>>> print(open('target-v3.cif').read())   # mmCIF, C-alpha atoms and all ligand atoms
data_data
loop_
_atom_site.label_atom_id
_atom_site.label_comp_id
_atom_site.auth_asym_id
_atom_site.auth_seq_id
_atom_site.Cartn_x
_atom_site.Cartn_y
_atom_site.Cartn_z
CA MET A 1 -25.20 -26.67 6.05
CA LYS A 2 -27.31 -23.60 5.60
CA ILE A 3 -25.82 -20.82 7.75
CA GLU A 4 -29.04 -18.83 8.15
CA ASN A 5 -30.62 -19.68 11.55
CA SER A 6 -27.95 -22.28 12.35
CA VAL A 7 -26.53 -22.07 15.88
CA ILE A 8 -22.77 -21.51 15.70
CA VAL A 9 -20.46 -21.44 18.74
CA ILE A 10 -17.26 -19.39 18.41
CA THR A 11 -14.49 -19.43 21.04
CA GLY A 12 -12.24 -16.39 21.44
CA ALA A 13 -15.03 -14.43 19.77
CA ALA A 14 -14.59 -11.08 21.53
CA GLN A 15 -11.84 -9.77 19.24
CA GLY A 16 -9.57 -10.51 16.29
CA LEU A 17 -10.33 -13.39 13.96
CA GLY A 18 -13.10 -14.74 16.22
CA GLN A 19 -15.00 -11.46 16.17
CA SER A 20 -14.54 -11.11 12.44
CA MET A 21 -15.95 -14.65 11.90
CA ALA A 22 -18.89 -13.80 14.16
CA LEU A 23 -19.69 -10.64 12.15
CA TYR A 24 -19.37 -12.46 8.84
CA LEU A 25 -21.73 -15.24 9.96
CA ALA A 26 -24.11 -12.73 11.59
CA ALA A 27 -24.51 -11.03 8.22
CA LYS A 28 -25.52 -14.42 6.80
CA GLY A 29 -28.18 -14.80 9.51
CA ALA A 30 -26.46 -17.25 11.88
CA LYS A 31 -27.47 -17.50 15.54
CA LEU A 32 -24.31 -17.04 17.60
CA ALA A 33 -22.98 -18.26 20.95
CA LEU A 34 -19.87 -16.18 21.65
CA ILE A 35 -17.31 -17.51 24.17
CA ASP A 36 -14.41 -15.48 25.60
CA LEU A 37 -12.74 -14.26 28.80
CA ASP A 38 -13.80 -10.60 29.01
CA ASN A 39 -17.38 -9.49 29.61
CA ASP A 40 -17.07 -5.95 28.23
CA LYS A 41 -15.43 -7.09 25.00
CA LEU A 42 -18.04 -9.85 24.64
CA SER A 43 -20.91 -7.36 25.06
CA GLN A 44 -19.37 -5.14 22.38
CA ALA A 45 -19.06 -8.10 20.00
CA GLN A 46 -22.66 -9.07 20.77
CA SER A 47 -24.03 -5.61 19.80
CA LEU A 48 -21.95 -5.60 16.61
CA CYS A 49 -23.32 -9.05 15.64
CA GLU A 50 -26.89 -7.95 16.34
CA GLN A 51 -26.36 -4.86 14.16
CA ALA A 52 -24.87 -7.08 11.43
CA GLY A 53 -28.11 -9.10 11.27
CA SER A 54 -27.86 -12.10 13.60
CA PRO A 55 -31.33 -13.14 14.84
CA GLN A 56 -29.95 -14.34 18.23
CA VAL A 57 -26.65 -13.70 19.98
CA ALA A 58 -25.67 -14.82 23.48
CA THR A 59 -22.33 -14.44 25.26
CA TYR A 60 -20.60 -16.83 27.64
CA LEU A 61 -17.62 -16.15 29.91
CA CYS A 62 -15.55 -19.32 29.83
CA ASN A 63 -11.94 -20.43 30.00
CA VAL A 64 -11.77 -23.10 27.28
CA ALA A 65 -8.93 -24.84 29.11
CA LYS A 66 -11.14 -25.69 32.13
CA GLU A 67 -13.19 -28.89 31.80
CA ASP A 68 -16.01 -27.92 34.18
CA ASP A 69 -16.40 -24.43 32.65
CA VAL A 70 -16.60 -25.87 29.14
CA SER A 71 -19.10 -28.59 29.96
CA ASP A 72 -21.26 -26.10 31.88
CA VAL A 73 -21.19 -23.57 29.01
CA PHE A 74 -22.20 -26.13 26.37
CA ASN A 75 -25.11 -27.25 28.59
CA ARG A 76 -26.20 -23.60 28.82
CA ILE A 77 -25.84 -23.00 25.07
CA VAL A 78 -28.05 -25.99 24.24
CA ALA A 79 -30.60 -24.85 26.84
CA ASP A 80 -30.58 -21.26 25.48
CA PHE A 81 -30.79 -22.12 21.75
CA SER A 82 -32.43 -25.62 21.84
CA ALA A 83 -29.98 -26.57 19.07
CA ILE A 84 -26.28 -26.58 18.18
CA HIS A 85 -24.94 -26.86 14.61
CA GLY A 86 -21.42 -25.45 14.37
CA LEU A 87 -18.30 -24.91 16.49
CA ILE A 88 -15.33 -22.76 15.60
CA ASN A 89 -12.44 -23.56 17.92
CA ASN A 90 -10.64 -20.25 17.58
CA ALA A 91 -9.43 -19.16 21.07
CA GLY A 92 -5.65 -19.17 21.21
CA ILE A 93 -2.64 -17.59 22.91
CA LEU A 94 1.08 -17.09 22.26
CA ARG A 95 3.97 -17.52 24.75
CA ASP A 96 6.88 -17.54 22.31
CA GLY A 97 10.46 -18.37 23.25
CA LEU A 98 13.43 -20.45 22.16
CA LEU A 99 13.87 -23.86 23.79
CA LEU A 100 17.34 -22.69 24.84
CA LYS A 101 18.54 -19.08 24.84
CA GLN A 102 22.18 -18.11 25.20
CA LYS A 103 23.15 -14.65 26.49
CA ASP A 104 26.59 -13.63 27.76
CA GLY A 105 27.61 -17.29 27.90
CA GLU A 106 24.61 -18.23 30.07
CA PHE A 107 21.83 -20.59 28.93
CA SER A 108 18.22 -20.09 29.90
CA LYS A 109 15.45 -22.63 29.26
CA LEU A 110 11.90 -22.20 27.95
CA PRO A 111 9.82 -22.24 31.16
CA LEU A 112 7.42 -25.15 31.60
CA SER A 113 4.71 -22.57 32.42
CA HIS A 114 5.04 -21.11 28.87
CA TRP A 115 4.77 -24.58 27.37
CA GLN A 116 1.84 -25.62 29.55
CA SER A 117 -0.31 -22.48 29.17
CA VAL A 118 -0.21 -22.70 25.37
CA ILE A 119 -0.93 -26.45 25.36
CA ASP A 120 -3.78 -25.90 27.84
CA VAL A 121 -5.58 -23.24 25.77
CA ASN A 122 -4.59 -24.07 22.17
CA LEU A 123 -4.79 -27.87 22.34
CA THR A 124 -6.70 -28.99 25.45
CA GLY A 125 -9.22 -26.16 24.91
CA VAL A 126 -9.90 -27.43 21.39
CA PHE A 127 -10.28 -31.00 22.68
CA LEU A 128 -12.71 -29.98 25.45
CA CYS A 129 -14.93 -27.76 23.26
CA GLY A 130 -14.88 -30.28 20.40
CA ARG A 131 -15.86 -33.10 22.74
CA GLU A 132 -18.75 -31.19 24.34
CA PHE A 133 -19.99 -29.96 20.96
CA ALA A 134 -19.94 -33.50 19.50
CA TYR A 135 -21.73 -34.90 22.57
CA HIS A 136 -24.61 -32.43 22.31
CA ALA A 137 -24.92 -32.44 18.50
CA ALA A 138 -24.96 -36.27 18.44
CA GLN A 139 -27.52 -36.42 21.27
CA LEU A 140 -29.76 -33.92 19.48
CA GLY A 141 -29.36 -35.94 16.27
CA GLN A 142 -28.45 -32.80 14.33
CA PRO A 143 -25.83 -32.58 11.58
CA GLY A 144 -22.86 -30.57 12.81
CA CYS A 145 -19.62 -28.98 11.67
CA ILE A 146 -16.45 -28.32 13.67
CA ILE A 147 -13.77 -25.95 12.40
CA ASN A 148 -10.47 -25.89 14.29
CA ILE A 149 -8.15 -22.92 13.82
CA SER A 150 -4.62 -24.27 13.39
CA SER A 151 -1.72 -22.19 12.02
CA ILE A 152 1.03 -22.17 9.42
CA SER A 153 3.29 -22.69 12.48
CA ARG A 154 2.10 -26.30 12.64
CA ALA A 155 4.95 -26.97 10.19
CA GLY A 156 7.43 -26.02 12.95
CA ASN A 157 8.33 -22.38 13.56
CA MET A 158 11.46 -21.21 15.43
CA GLY A 159 10.65 -19.79 18.85
CA GLN A 160 7.31 -21.56 18.98
CA SER A 161 7.86 -25.07 20.43
CA ASN A 162 4.61 -24.81 22.38
CA TYR A 163 2.49 -23.08 19.70
CA SER A 164 3.75 -25.23 16.80
CA ALA A 165 3.15 -28.46 18.75
CA ALA A 166 -0.37 -27.37 19.74
CA LYS A 167 -1.30 -26.25 16.22
CA ALA A 168 0.03 -29.49 14.67
CA GLY A 169 -2.06 -31.36 17.24
CA VAL A 170 -5.14 -29.34 16.33
CA ALA A 171 -4.71 -30.14 12.63
CA THR A 172 -4.36 -33.86 13.37
CA LEU A 173 -7.36 -33.85 15.74
CA SER A 174 -9.45 -32.50 12.85
CA VAL A 175 -8.63 -35.58 10.76
CA VAL A 176 -9.35 -37.97 13.65
CA TRP A 177 -12.69 -36.32 14.43
CA ALA A 178 -13.76 -36.31 10.77
CA LYS A 179 -13.28 -40.09 10.75
CA GLU A 180 -14.88 -40.73 14.16
CA LEU A 181 -17.83 -38.34 13.99
CA ALA A 182 -19.03 -38.88 10.39
CA GLN A 183 -21.34 -41.63 11.69
CA TYR A 184 -23.23 -38.93 13.66
CA GLY A 185 -23.42 -36.55 10.70
CA ILE A 186 -20.70 -34.30 12.14
CA ARG A 187 -17.92 -33.01 9.86
CA CYS A 188 -14.60 -31.57 11.03
CA ASN A 189 -12.05 -29.45 9.17
CA ALA A 190 -9.30 -26.98 10.06
CA ILE A 191 -7.91 -23.72 8.75
CA ALA A 192 -4.18 -23.01 9.03
CA PRO A 193 -3.80 -19.24 8.59
CA GLY A 194 -0.51 -17.58 7.72
CA PHE A 195 0.12 -14.07 9.04
CA ILE A 196 -3.19 -12.25 9.45
CA ARG A 197 -3.62 -8.64 10.61
CA THR A 198 -5.05 -8.81 14.18
CA ASP A 199 -4.08 -7.71 17.71
CA MET A 200 -2.06 -10.95 17.98
CA THR A 201 0.20 -9.88 15.09
CA ALA A 202 0.09 -6.16 16.03
CA SER A 203 2.34 -7.01 18.98
CA ILE A 204 5.14 -8.13 16.60
CA ARG A 205 7.95 -5.53 16.12
CA GLU A 206 7.52 -3.46 12.93
CA ASP A 207 10.89 -4.41 11.41
CA VAL A 208 10.22 -8.12 12.08
CA LEU A 209 6.75 -7.76 10.55
CA ALA A 210 8.22 -6.09 7.42
CA LYS A 211 10.72 -8.94 7.03
CA MET A 212 7.96 -11.52 7.42
CA THR A 213 5.69 -9.78 4.90
CA ALA A 214 8.50 -9.65 2.34
CA MET A 215 8.68 -13.46 2.47
CA ILE A 216 4.98 -13.91 1.64
CA PRO A 217 4.49 -14.52 -2.11
CA ALA A 218 1.30 -12.41 -1.94
CA LYS A 219 3.47 -9.58 -0.45
CA ARG A 220 0.88 -8.69 2.16
CA MET A 221 -0.60 -10.08 5.37
CA GLY A 222 -3.99 -11.74 5.21
CA GLU A 223 -7.15 -9.96 6.35
CA ALA A 224 -9.46 -11.36 9.05
CA ASP A 225 -12.34 -11.31 6.57
CA GLU A 226 -10.45 -13.75 4.34
CA ILE A 227 -10.36 -16.29 7.18
CA ALA A 228 -14.06 -15.70 7.90
CA HIS A 229 -14.82 -16.34 4.22
CA SER A 230 -13.21 -19.81 4.47
CA VAL A 231 -15.10 -20.52 7.71
CA ALA A 232 -18.37 -19.89 5.86
CA PHE A 233 -17.22 -22.14 3.00
CA LEU A 234 -16.42 -25.01 5.39
CA LEU A 235 -19.78 -24.67 7.12
CA GLU A 236 -21.71 -24.57 3.84
CA ASN A 237 -19.98 -27.30 1.86
CA ASP A 238 -21.27 -30.63 3.17
CA TYR A 239 -18.65 -32.68 1.29
CA MET A 240 -15.66 -30.98 2.97
CA ASN A 241 -14.41 -33.27 5.73
CA GLY A 242 -11.10 -34.03 7.46
CA ARG A 243 -9.09 -31.42 5.54
CA ILE A 244 -6.88 -28.48 6.50
CA ILE A 245 -7.20 -25.32 4.42
CA GLU A 246 -3.87 -23.48 4.26
CA LEU A 247 -4.68 -19.78 3.98
CA ASP A 248 -1.30 -18.08 3.91
CA GLY A 249 -0.80 -16.10 0.70
CA GLY A 250 1.49 -18.87 -0.55
CA LEU A 251 3.98 -18.70 2.33
CA ARG A 252 5.72 -21.95 3.34
CA LEU A 253 7.63 -22.23 6.62
P1 LIG A 301 -6.45 -12.65 19.48
O1 LIG A 301 -6.71 -11.35 18.83
O2 LIG A 301 -5.45 -12.71 20.60
O3 LIG A 301 -7.85 -13.25 19.98
C1 LIG A 301 -7.92 -14.45 20.70
C2 LIG A 301 -9.10 -14.38 21.62
O4 LIG A 301 -9.15 -15.61 22.39
C3 LIG A 301 -8.99 -13.24 22.65
O5 LIG A 301 -10.21 -12.56 22.79
C4 LIG A 301 -8.60 -13.98 23.92
O6 LIG A 301 -9.02 -13.32 25.12
C5 LIG A 301 -9.36 -15.28 23.75
N1 LIG A 301 -8.85 -16.32 24.65
C6 LIG A 301 -7.55 -16.53 25.00
N2 LIG A 301 -7.46 -17.53 25.89
C7 LIG A 301 -8.74 -17.97 26.09
C8 LIG A 301 -9.29 -18.98 26.93
N3 LIG A 301 -8.52 -19.73 27.72
N4 LIG A 301 -10.64 -19.17 26.91
C9 LIG A 301 -11.44 -18.39 26.13
N5 LIG A 301 -10.96 -17.41 25.33
C10 LIG A 301 -9.61 -17.21 25.31
O7 LIG A 301 -5.96 -13.73 18.42
P2 LIG A 301 -6.29 -13.87 16.84
O8 LIG A 301 -5.15 -13.31 16.08
O9 LIG A 301 -7.65 -13.40 16.55
O10 LIG A 301 -6.17 -15.46 16.68
C11 LIG A 301 -7.31 -16.30 16.73
C12 LIG A 301 -6.87 -17.73 16.43
O11 LIG A 301 -6.21 -17.78 15.16
C13 LIG A 301 -5.86 -18.28 17.45
O12 LIG A 301 -6.12 -19.65 17.67
C14 LIG A 301 -4.53 -18.11 16.73
O13 LIG A 301 -3.57 -19.03 17.19
C15 LIG A 301 -4.94 -18.38 15.30
N6 LIG A 301 -4.03 -17.81 14.31
C16 LIG A 301 -3.86 -16.46 14.21
C17 LIG A 301 -3.01 -15.95 13.23
C18 LIG A 301 -2.81 -14.48 13.05
O14 LIG A 301 -1.97 -14.12 12.21
N7 LIG A 301 -3.52 -13.62 13.75
C19 LIG A 301 -2.32 -16.83 12.40
C20 LIG A 301 -2.50 -18.20 12.54
C21 LIG A 301 -3.38 -18.68 13.50
P3 LIG A 301 -7.96 -12.32 25.88
O15 LIG A 301 -7.57 -11.28 24.89
O16 LIG A 301 -8.78 -11.80 27.03
O17 LIG A 301 -6.82 -13.20 26.28
#
>>> encode(input="target-v3.cif", output="C-alpha cells")
Amino acid sequence: MKIENSVIVITGAAQGLGQSMALYLAAKGAKLALIDLDNDKLSQAQSLCEQAGSPQVATYLCNVAKEDDVSDVFNRIVADFSAIHGLINNAGILRDGLLLKQKDGEFSKLPLSHWQSVIDVNLTGVFLCGREFAYHAAQLGQPGCIINISSISRAGNMGQSNYSAAKAGVATLSVVWAKELAQYGIRCNAIAPGFIRTDMTASIREDVLAKMTAMIPAKRMGEADEIAHSVAFLLENDYMNGRIIELDGGLRL
C-alpha cells in the first residue's frame, strides 16, 4: 500500500504511541482520521499532523469499547474521506493488579471492574473497530490493512491478568482476520511492543523502570518512533499478513 494519500484511522491517537504513529504517517502524506477520548488533546494532535504534512486530518471523539459510537464514527469517517485504507487499533489502558494479594494475613481479589474495563477497551475495542473497518473497506472494494497493537505482555506478565489476556487475544485476532479477510484484499498484522517510553510507562516507579531496563538486552527502552517505523512497514509491504512483529529490544518475558 502506498501511504501517500491513503486514509488511515488511528485509535488512541491523541498522545503516546498513537500520536507518534500519526505524525510519522503524516510526514509520509497520509490522510488521517484520529480517534480518542479528549477533544483538546485531539485538536493538538490534529495541528501537529497538519504541520507534519498530512493533506487531510479529521478528529473523532469515540469510546472504542462502545458499539454504537464505533459504528457511527466509521460511518462518519467514510462520509468525510470517501475512502478508508488502513486501521491502527492502538487505544489501550492498564488496570494492573495481582489476581490475589496478601497483606497482613488478609487476601484481596482483583476486582471484576479492573478485569472488565481492560477487556472492554483493549480487546472488545479492537474487535469493534476491526469489524467496522473491514465492513466499509470490503463494501468500497478497496484494499485495506489492519494493524493491531498487542504487547510483550501477551506472553503472560505478573500483575496483568486482564492486560495479558487482552493482548494475547489481540494477537490471535490478527491471525484470524488475515485468514478471513484476504478474500476482500484486506491484510491484518500486529505489533507486540516491549517497554516503550510514553506516558503509559512514565507512570511506572523509577526503581522498577531501572530494573526492567536492565533486563532488556538492548539496555534501553524503545522509542515511539521505532513503533511508528514498523507501522509504516506493515502498511507498505503487501506480502505481510497474519504475523506479529515483536519489537522489544530482545526482551523475553
Ligand atoms: P497512552 O499514552 O496511555 O495512550 C493511549 C491513548 O488511548 C490515550 O490517548 C487514551 O485516552 C486513549 N484511550 C484509552 N481508552 C480509550 C477508549 N476507550 N477509546 C478511545 N481512546 C481511548 O498509551 P501508549 O503507551 O501510547 O500505548 C498505546 C498502545 O500500545 C496501547 O494499546 C498499549 O497497550 C500498547 N503498548 C504500549 C507499550 C508501552 O510501553 N508504552 C508497550 C506495549 C504495548 P486517555 O488518556 O484520555 O485515557
>>> atom_distance(input="target-v3.cif", atom1="atom CA of A:Asp38", atom2="atom CA of A:Ser20")
16.6 Å
>>> closest_residue(input="target-v3.cif", among="A:Ile191, A:Ile77, A:Val9, A:Leu17", to="ligand LIG 301 (chain A)", atoms="only C-alpha atoms and all ligand atoms")
A:Leu17
>>> residues_near_ligand(input="target-v3.cif", ligand="ligand LIG 301 (chain A)", cutoff="8 Å", atoms="all atoms listed in the file", output="MDAnalysis selection string")
chainID A and resid 11:19 35:38 41 61:66 89:94 120:122 125 149:153 163 167 192:201 222 224
>>> residues_around(input="target-v3.cif", residues="A:Tyr24", least_positions_apart="5", cutoff="9 Å", atoms="only C-alpha atoms", output="number ranges by chain")
A: 19, 49, 52, 225, 228-229, 232
>>> residues_around(input="target-v3.cif", residues="A:Cys145", least_positions_apart="2", cutoff="7 Å", atoms="all atoms listed in the file", output="PyMOL selection string")
chain A and resi 85-87+147+186-188+235
>>> closest_residue(input="target-v3.cif", among="A:Ala210, A:Ile8, A:Val118, A:Leu42", to="A:Ala165", atoms="all atoms listed in the file")
A:Val118
>>> closest_residue(input="target-v3.cif", among="A:Ser108, A:Gly144, A:Pro55, A:Ala202", to="A:Gly130", atoms="all atoms listed in the file")
A:Gly144
>>> residues_near_point(input="target-v3.cif", point="(10.7, -20.7, 23.9)", cutoff="8 Å", atoms="all atoms listed in the file", output="compact mmCIF listing (two decimals) with C-alpha atoms, keeping the file's coordinate frame")
# COMPACT_ATOMS: atom_id res chain seq x y z
CA ARG A 95 3.97 -17.52 24.75
CA ASP A 96 6.88 -17.54 22.31
CA GLY A 97 10.46 -18.37 23.25
CA LEU A 98 13.43 -20.45 22.16
CA LEU A 99 13.87 -23.86 23.79
CA LEU A 100 17.34 -22.69 24.84
CA LYS A 109 15.45 -22.63 29.26
CA LEU A 110 11.90 -22.20 27.95
CA PRO A 111 9.82 -22.24 31.16
CA HIS A 114 5.04 -21.11 28.87
CA TRP A 115 4.77 -24.58 27.37
CA GLY A 159 10.65 -19.79 18.85
CA GLN A 160 7.31 -21.56 18.98
CA SER A 161 7.86 -25.07 20.43
CA ASN A 162 4.61 -24.81 22.38
>>> atom_distance(input="target-v3.cif", atom1="atom CA of A:Tyr135", atom2="atom CA of A:Arg154")
27.2 Å
>>> closest_residue(input="target-v3.cif", among="A:Met215, A:Leu140, A:Leu23, A:Ile146", to="A:Arg252", atoms="only C-alpha atoms")
A:Met215
>>> atom_distance(input="target-v3.cif", atom1="atom CA of A:Phe81", atom2="atom CA of A:Lys28")
17.6 Å
>>> decode(input="target-v3.cif", residues="stretch 41-52 of chain A", atoms="all heavy atoms", output="PDB file, in the first residue's frame")
ATOM      1  N   LYS A  41      -6.858  17.373  23.418  1.00  0.00           N
ATOM      2  CA  LYS A  41      -5.655  16.622  23.008  1.00  0.00           C
ATOM      3  C   LYS A  41      -5.747  16.219  21.538  1.00  0.00           C
ATOM      4  O   LYS A  41      -4.752  16.224  20.817  1.00  0.00           O
ATOM      5  CB  LYS A  41      -5.473  15.385  23.898  1.00  0.00           C
ATOM      6  CG  LYS A  41      -4.947  15.725  25.283  1.00  0.00           C
ATOM      7  CD  LYS A  41      -4.285  14.539  25.946  1.00  0.00           C
ATOM      8  CE  LYS A  41      -5.220  13.790  26.843  1.00  0.00           C
ATOM      9  NZ  LYS A  41      -4.659  12.600  27.455  1.00  0.00           N
ATOM     10  N   LEU A  42      -6.969  15.905  21.088  1.00  0.00           N
ATOM     11  CA  LEU A  42      -7.157  15.540  19.675  1.00  0.00           C
ATOM     12  C   LEU A  42      -6.847  16.726  18.760  1.00  0.00           C
ATOM     13  O   LEU A  42      -6.195  16.574  17.725  1.00  0.00           O
ATOM     14  CB  LEU A  42      -8.595  15.068  19.430  1.00  0.00           C
ATOM     15  CG  LEU A  42      -8.883  13.581  19.621  1.00  0.00           C
ATOM     16  CD1 LEU A  42     -10.377  13.312  19.507  1.00  0.00           C
ATOM     17  CD2 LEU A  42      -8.117  12.715  18.627  1.00  0.00           C
ATOM     18  N   SER A  43      -7.327  17.918  19.166  1.00  0.00           N
ATOM     19  CA  SER A  43      -7.089  19.121  18.346  1.00  0.00           C
ATOM     20  C   SER A  43      -5.593  19.401  18.240  1.00  0.00           C
ATOM     21  O   SER A  43      -5.094  19.791  17.182  1.00  0.00           O
ATOM     22  CB  SER A  43      -7.756  20.351  18.952  1.00  0.00           C
ATOM     23  OG  SER A  43      -9.114  20.118  19.032  1.00  0.00           O
ATOM     24  N   GLN A  44      -4.900  19.224  19.360  1.00  0.00           N
ATOM     25  CA  GLN A  44      -3.440  19.430  19.353  1.00  0.00           C
ATOM     26  C   GLN A  44      -2.761  18.466  18.381  1.00  0.00           C
ATOM     27  O   GLN A  44      -1.912  18.850  17.586  1.00  0.00           O
ATOM     28  CB  GLN A  44      -2.896  19.146  20.754  1.00  0.00           C
ATOM     29  CG  GLN A  44      -2.373  20.369  21.473  1.00  0.00           C
ATOM     30  CD  GLN A  44      -1.844  19.947  22.834  1.00  0.00           C
ATOM     31  OE1 GLN A  44      -2.513  19.202  23.555  1.00  0.00           O
ATOM     32  NE2 GLN A  44      -0.654  20.398  23.161  1.00  0.00           N
ATOM     33  N   ALA A  45      -3.177  17.190  18.463  1.00  0.00           N
ATOM     34  CA  ALA A  45      -2.589  16.174  17.570  1.00  0.00           C
ATOM     35  C   ALA A  45      -2.902  16.510  16.117  1.00  0.00           C
ATOM     36  O   ALA A  45      -2.062  16.349  15.229  1.00  0.00           O
ATOM     37  CB  ALA A  45      -3.128  14.787  17.930  1.00  0.00           C
ATOM     38  N   GLN A  46      -4.118  17.012  15.878  1.00  0.00           N
ATOM     39  CA  GLN A  46      -4.518  17.373  14.513  1.00  0.00           C
ATOM     40  C   GLN A  46      -3.585  18.464  13.951  1.00  0.00           C
ATOM     41  O   GLN A  46      -3.081  18.336  12.835  1.00  0.00           O
ATOM     42  CB  GLN A  46      -5.964  17.879  14.517  1.00  0.00           C
ATOM     43  CG  GLN A  46      -6.461  18.296  13.152  1.00  0.00           C
ATOM     44  CD  GLN A  46      -7.936  18.698  13.179  1.00  0.00           C
ATOM     45  OE1 GLN A  46      -8.454  19.103  14.231  1.00  0.00           O
ATOM     46  NE2 GLN A  46      -8.602  18.584  12.055  1.00  0.00           N
ATOM     47  N   SER A  47      -3.356  19.541  14.737  1.00  0.00           N
ATOM     48  CA  SER A  47      -2.471  20.615  14.232  1.00  0.00           C
ATOM     49  C   SER A  47      -1.076  20.079  13.966  1.00  0.00           C
ATOM     50  O   SER A  47      -0.450  20.430  12.966  1.00  0.00           O
ATOM     51  CB  SER A  47      -2.314  21.767  15.214  1.00  0.00           C
ATOM     52  OG  SER A  47      -3.419  21.949  15.951  1.00  0.00           O
ATOM     53  N   LEU A  48      -0.578  19.235  14.880  1.00  0.00           N
ATOM     54  CA  LEU A  48       0.782  18.699  14.684  1.00  0.00           C
ATOM     55  C   LEU A  48       0.856  17.882  13.387  1.00  0.00           C
ATOM     56  O   LEU A  48       1.829  17.972  12.639  1.00  0.00           O
ATOM     57  CB  LEU A  48       1.191  17.823  15.873  1.00  0.00           C
ATOM     58  CG  LEU A  48       1.423  18.556  17.200  1.00  0.00           C
ATOM     59  CD1 LEU A  48       1.641  17.579  18.342  1.00  0.00           C
ATOM     60  CD2 LEU A  48       2.636  19.495  17.079  1.00  0.00           C
ATOM     61  N   CYS A  49      -0.191  17.096  13.108  1.00  0.00           N
ATOM     62  CA  CYS A  49      -0.199  16.263  11.888  1.00  0.00           C
ATOM     63  C   CYS A  49      -0.280  17.148  10.643  1.00  0.00           C
ATOM     64  O   CYS A  49       0.351  16.845   9.620  1.00  0.00           O
ATOM     65  CB  CYS A  49      -1.368  15.283  11.910  1.00  0.00           C
ATOM     66  SG  CYS A  49      -1.144  13.960  13.099  1.00  0.00           S
ATOM     67  N   GLU A  50      -1.048  18.218  10.729  1.00  0.00           N
ATOM     68  CA  GLU A  50      -1.144  19.131   9.576  1.00  0.00           C
ATOM     69  C   GLU A  50       0.222  19.773   9.317  1.00  0.00           C
ATOM     70  O   GLU A  50       0.687  19.829   8.181  1.00  0.00           O
ATOM     71  CB  GLU A  50      -2.227  20.188   9.825  1.00  0.00           C
ATOM     72  CG  GLU A  50      -3.627  19.608   9.654  1.00  0.00           C
ATOM     73  CD  GLU A  50      -4.744  20.453  10.269  1.00  0.00           C
ATOM     74  OE1 GLU A  50      -4.447  21.443  10.957  1.00  0.00           O
ATOM     75  OE2 GLU A  50      -5.912  20.082  10.079  1.00  0.00           O
ATOM     76  N   GLN A  51       0.870  20.201  10.416  1.00  0.00           N
ATOM     77  CA  GLN A  51       2.218  20.798  10.264  1.00  0.00           C
ATOM     78  C   GLN A  51       3.210  19.779   9.701  1.00  0.00           C
ATOM     79  O   GLN A  51       4.121  20.128   8.962  1.00  0.00           O
ATOM     80  CB  GLN A  51       2.754  21.282  11.617  1.00  0.00           C
ATOM     81  CG  GLN A  51       2.125  22.571  12.119  1.00  0.00           C
ATOM     82  CD  GLN A  51       2.347  22.758  13.624  1.00  0.00           C
ATOM     83  OE1 GLN A  51       3.375  22.362  14.159  1.00  0.00           O
ATOM     84  NE2 GLN A  51       1.385  23.351  14.297  1.00  0.00           N
ATOM     85  N   ALA A  52       3.014  18.500  10.053  1.00  0.00           N
ATOM     86  CA  ALA A  52       3.965  17.459   9.598  1.00  0.00           C
ATOM     87  C   ALA A  52       3.758  17.109   8.132  1.00  0.00           C
ATOM     88  O   ALA A  52       4.566  16.387   7.551  1.00  0.00           O
ATOM     89  CB  ALA A  52       3.827  16.217  10.470  1.00  0.00           C
TER      90      ALA A  52
END
